[in-house]
Amino acid sequence: MSDGIAGQPLLRLLQLTSPSLPVGAFAYSQGLESAIEMGWVKDEPSLSQWLQDQLDYSIGRVDLPVFVRLYSALAAKDETAALAWSRRLVAMRETSELVADDCARGKALGRLLTDLGIPNVDIWRKQADTPFVALAAVAAVGWEIPVESALHAIAWGWLENQVLVGIKLIPLGQVAGQRILLERSAAIPGICAGALALPDTEIGGTLPTLAIASSLHETQYSRLFRS
């Protein structure tokens, strides 16, 4: 990474992004299960494009730039600003499923950070709608992880989890999954750079097909993932 992260911050970053981190990311498909059920995503190319669209128009324009604001506010000990950005992020979620996913992972990470002795978590655990990136920002600031490295990690963690959903449901082979990770992760540095530079007034994005897929999943009869 361009900021040359090493030592303890690097180790804590690896811990924060490990698939074994018990925050329940595996439990939600974020609409992908319905997209596969409807035939919108059916093979390696269509999954790759589905993920790239989200990186470009959702993750890179909503989650990551809001994380930057949360990180800055927490580093400055401005809890009012941090809470405002956290609530703005939740308000930008387009379905109840996406809100439930985000806040469930946020609560799980809050419990974990408390058990690990990270300070300044209690205020977030008292909130009913704390998103995952808010607690990720708490951890990144507490562990002195540079913001750019944390951005890369958040984007990578989201991408890896979605690829695993595709491998399981389409289904795809493991090699196909690794090809998608290799191809789509190549865009992450540029997306993170864009998130760092994005003005407040341009934060926001919408993907109507994703919102429809997530809404359909709430009533999908046969499914593996939560809604």
# chains A, B, ... in the order shown; residues from 1 in each chain; ligands from 1

call {"tool": "residues_around", "arguments": {"residues": "Gln52 in chain A", "least_positions_apart": "3", "cutoff": "10 Å", "atoms": "only C-alpha atoms", "output": "NGL selection string"}}
result
:A and (46-49 or 55-59 or 159 or 180 or 183-185 or 187-188)

call {"tool": "write_last_selection", "arguments": {"atoms": "N, CA and C atoms", "output": "compact mmCIF listing (two decimals), in the first residue's frame"}}
result
# COMPACT_ATOMS: atom_id res chain seq x y z
N SER A 46 -20.81 -12.15 -15.56
CA SER A 46 -21.91 -11.33 -15.01
C SER A 46 -21.69 -11.02 -13.54
N LEU A 47 -21.10 -11.94 -12.79
CA LEU A 47 -20.77 -11.66 -11.39
C LEU A 47 -19.69 -10.59 -11.30
N SER A 48 -18.70 -10.70 -12.15
CA SER A 48 -17.61 -9.72 -12.15
C SER A 48 -18.15 -8.32 -12.43
N GLN A 49 -19.08 -8.19 -13.40
CA GLN A 49 -19.65 -6.89 -13.72
C GLN A 49 -20.54 -6.38 -12.60
N LEU A 55 -18.72 -1.48 -6.79
CA LEU A 55 -17.50 -0.77 -6.40
C LEU A 55 -17.51 0.66 -6.93
N ASP A 56 -17.95 0.83 -8.17
CA ASP A 56 -17.93 2.15 -8.81
C ASP A 56 -19.00 3.09 -8.27
N TYR A 57 -20.22 2.57 -8.08
CA TYR A 57 -21.36 3.45 -7.83
C TYR A 57 -21.95 3.35 -6.42
N SER A 58 -21.44 2.45 -5.60
CA SER A 58 -21.96 2.32 -4.24
C SER A 58 -20.82 2.35 -3.22
N ILE A 59 -20.00 1.33 -3.21
CA ILE A 59 -18.90 1.26 -2.23
C ILE A 59 -17.99 2.47 -2.35
N LEU A 159 -15.46 -7.14 -1.19
CA LEU A 159 -15.32 -7.87 -2.46
C LEU A 159 -15.15 -9.37 -2.21
N ILE A 180 -11.87 -13.47 -10.43
CA ILE A 180 -12.67 -12.27 -10.19
C ILE A 180 -12.01 -11.38 -9.15
N GLU A 183 -9.12 -9.60 -10.82
CA GLU A 183 -9.54 -8.56 -11.77
C GLU A 183 -10.17 -7.37 -11.07
N ARG A 184 -11.11 -7.63 -10.19
CA ARG A 184 -11.86 -6.53 -9.58
C ARG A 184 -11.03 -5.80 -8.52
N SER A 185 -10.14 -6.48 -7.84
CA SER A 185 -9.31 -5.80 -6.83
C SER A 185 -8.34 -4.83 -7.47
N ALA A 187 -9.05 -2.56 -9.35
CA ALA A 187 -9.69 -1.24 -9.36
C ALA A 187 -9.72 -0.59 -7.98
N ILE A 188 -9.44 -1.35 -6.93
CA ILE A 188 -9.60 -0.83 -5.58
C ILE A 188 -8.70 0.37 -5.27

call {"tool": "select_by_dssp", "arguments": {"residues": "range 23-211 of chain A", "states": "alpha helix (DSSP H)", "output": "ChimeraX atom specification"}}
result
/A:32-37,44-54,64-75,79-91,96-115,122-125,132-142,147-169,174-185,188-197,208-211

call {"tool": "write_last_selection", "arguments": {"atoms": "C-alpha atoms", "output": "tab-separated table (two decimals), in the first residue's frame"}}
result
chain	number	residue	atom	x	y	z
A	32	LEU	CA	-26.85	-11.13	-4.79
A	33	GLU	CA	-28.87	-14.24	-3.93
A	34	SER	CA	-31.96	-12.76	-5.61
A	35	ALA	CA	-29.91	-11.48	-8.55
A	36	ILE	CA	-28.75	-15.05	-9.12
A	37	GLU	CA	-32.28	-16.43	-8.63
A	44	GLU	CA	-18.22	-15.48	-13.99
A	45	PRO	CA	-18.52	-12.45	-16.35
A	46	SER	CA	-21.91	-11.33	-15.01
A	47	LEU	CA	-20.77	-11.66	-11.39
A	48	SER	CA	-17.61	-9.72	-12.15
A	49	GLN	CA	-19.65	-6.89	-13.72
A	50	TRP	CA	-22.18	-6.90	-10.86
A	51	LEU	CA	-19.36	-6.39	-8.37
A	52	GLN	CA	-17.60	-3.74	-10.45
A	53	ASP	CA	-20.80	-1.70	-10.68
A	54	GLN	CA	-21.13	-1.74	-6.90
A	64	LEU	CA	-15.62	4.55	1.57
A	65	PRO	CA	-15.99	8.35	1.55
A	66	VAL	CA	-18.21	8.17	4.64
A	67	PHE	CA	-15.54	6.05	6.32
A	68	VAL	CA	-13.02	8.80	5.60
A	69	ARG	CA	-15.28	11.34	7.37
A	70	LEU	CA	-15.83	8.99	10.29
A	71	TYR	CA	-12.11	8.35	10.63
A	72	SER	CA	-11.32	12.08	10.59
A	73	ALA	CA	-14.04	12.90	13.10
A	74	LEU	CA	-12.97	10.15	15.48
A	75	ALA	CA	-9.31	11.09	15.20
A	79	GLU	CA	-18.30	12.47	18.35
A	80	THR	CA	-21.10	14.73	17.11
A	81	ALA	CA	-19.73	14.75	13.56
A	82	ALA	CA	-19.01	11.02	13.67
A	83	LEU	CA	-22.56	10.20	14.75
A	84	ALA	CA	-23.98	12.48	12.06
A	85	TRP	CA	-22.01	10.74	9.31
A	86	SER	CA	-22.94	7.34	10.71
A	87	ARG	CA	-26.64	8.18	10.55
A	88	ARG	CA	-26.27	9.65	7.09
A	89	LEU	CA	-24.77	6.38	5.87
A	90	VAL	CA	-27.66	4.32	7.24
A	91	ALA	CA	-30.14	6.76	5.68
A	96	SER	CA	-34.45	-2.75	5.09
A	97	GLU	CA	-32.27	-5.75	4.26
A	98	LEU	CA	-29.24	-3.55	3.53
A	99	VAL	CA	-29.83	-1.61	6.76
A	100	ALA	CA	-30.17	-4.82	8.78
A	101	ASP	CA	-26.99	-6.26	7.26
A	102	ASP	CA	-24.94	-3.14	7.92
A	103	CYS	CA	-26.18	-2.56	11.46
A	104	ALA	CA	-25.95	-6.22	12.48
A	105	ARG	CA	-22.30	-6.29	11.47
A	106	GLY	CA	-21.76	-2.98	13.24
A	107	LYS	CA	-23.21	-4.30	16.48
A	108	ALA	CA	-21.15	-7.49	16.22
A	109	LEU	CA	-17.95	-5.53	15.65
A	110	GLY	CA	-18.83	-3.25	18.57
A	111	ARG	CA	-19.16	-6.23	20.90
A	112	LEU	CA	-15.89	-7.65	19.64
A	113	LEU	CA	-13.97	-4.39	20.04
A	114	THR	CA	-15.29	-4.04	23.59
A	115	ASP	CA	-14.06	-7.55	24.41
A	122	ASP	CA	-19.69	2.34	24.34
A	123	ILE	CA	-21.28	5.36	22.65
A	124	TRP	CA	-21.65	3.35	19.45
A	125	ARG	CA	-23.08	0.29	21.15
A	132	PHE	CA	-20.15	-1.48	10.20
A	133	VAL	CA	-17.79	1.21	8.88
A	134	ALA	CA	-18.38	3.36	11.97
A	135	LEU	CA	-16.95	0.64	14.21
A	136	ALA	CA	-14.27	-0.12	11.63
A	137	ALA	CA	-13.25	3.53	11.91
A	138	VAL	CA	-13.16	3.25	15.71
A	139	ALA	CA	-10.83	0.25	15.39
A	140	ALA	CA	-8.66	1.89	12.73
A	141	VAL	CA	-8.16	5.04	14.80
A	142	GLY	CA	-7.60	3.06	17.99
A	147	VAL	CA	-6.89	5.77	6.70
A	148	GLU	CA	-5.79	4.79	3.18
A	149	SER	CA	-4.84	1.28	4.30
A	150	ALA	CA	-8.14	0.92	6.14
A	151	LEU	CA	-10.02	1.96	2.99
A	152	HIS	CA	-8.28	-0.73	0.95
A	153	ALA	CA	-9.11	-3.29	3.62
A	154	ILE	CA	-12.81	-2.41	3.75
A	155	ALA	CA	-13.13	-2.59	-0.03
A	156	TRP	CA	-11.24	-5.89	-0.17
A	157	GLY	CA	-13.32	-7.43	2.64
A	158	TRP	CA	-16.56	-6.52	0.88
A	159	LEU	CA	-15.32	-7.87	-2.46
A	160	GLU	CA	-14.06	-11.15	-1.01
A	161	ASN	CA	-17.32	-11.80	0.81
A	162	GLN	CA	-19.41	-11.16	-2.31
A	163	VAL	CA	-17.21	-13.43	-4.41
A	164	LEU	CA	-17.69	-16.19	-1.84
A	165	VAL	CA	-21.46	-15.73	-2.14
A	166	GLY	CA	-21.18	-16.12	-5.92
A	167	ILE	CA	-18.98	-19.20	-5.64
A	168	LYS	CA	-21.56	-20.83	-3.41
A	169	LEU	CA	-24.75	-19.87	-5.23
A	174	GLN	CA	-12.64	-21.57	-6.64
A	175	VAL	CA	-10.33	-20.66	-9.52
A	176	ALA	CA	-13.06	-18.55	-11.14
A	177	GLY	CA	-13.53	-16.80	-7.82
A	178	GLN	CA	-9.83	-16.04	-7.60
A	179	ARG	CA	-9.87	-14.65	-11.14
A	180	ILE	CA	-12.67	-12.27	-10.19
A	181	LEU	CA	-10.80	-11.19	-7.07
A	182	LEU	CA	-7.68	-10.55	-9.11
A	183	GLU	CA	-9.54	-8.56	-11.77
A	184	ARG	CA	-11.86	-6.53	-9.58
A	185	SER	CA	-9.31	-5.80	-6.83
A	188	ILE	CA	-9.60	-0.83	-5.58
A	189	PRO	CA	-6.60	1.56	-5.34
A	190	GLY	CA	-8.21	3.99	-7.77
A	191	ILE	CA	-11.59	3.71	-6.05
A	192	CYS	CA	-10.01	4.40	-2.66
A	193	ALA	CA	-8.13	7.40	-4.07
A	194	GLY	CA	-11.42	8.70	-5.44
A	195	ALA	CA	-13.13	8.23	-2.07
A	196	LEU	CA	-10.40	10.25	-0.36
A	197	ALA	CA	-10.87	13.11	-2.81
A	208	PRO	CA	-31.70	0.51	-8.83
A	209	THR	CA	-31.08	-3.12	-9.79
A	210	LEU	CA	-29.32	-3.78	-6.50
A	211	ALA	CA	-32.18	-2.17	-4.57
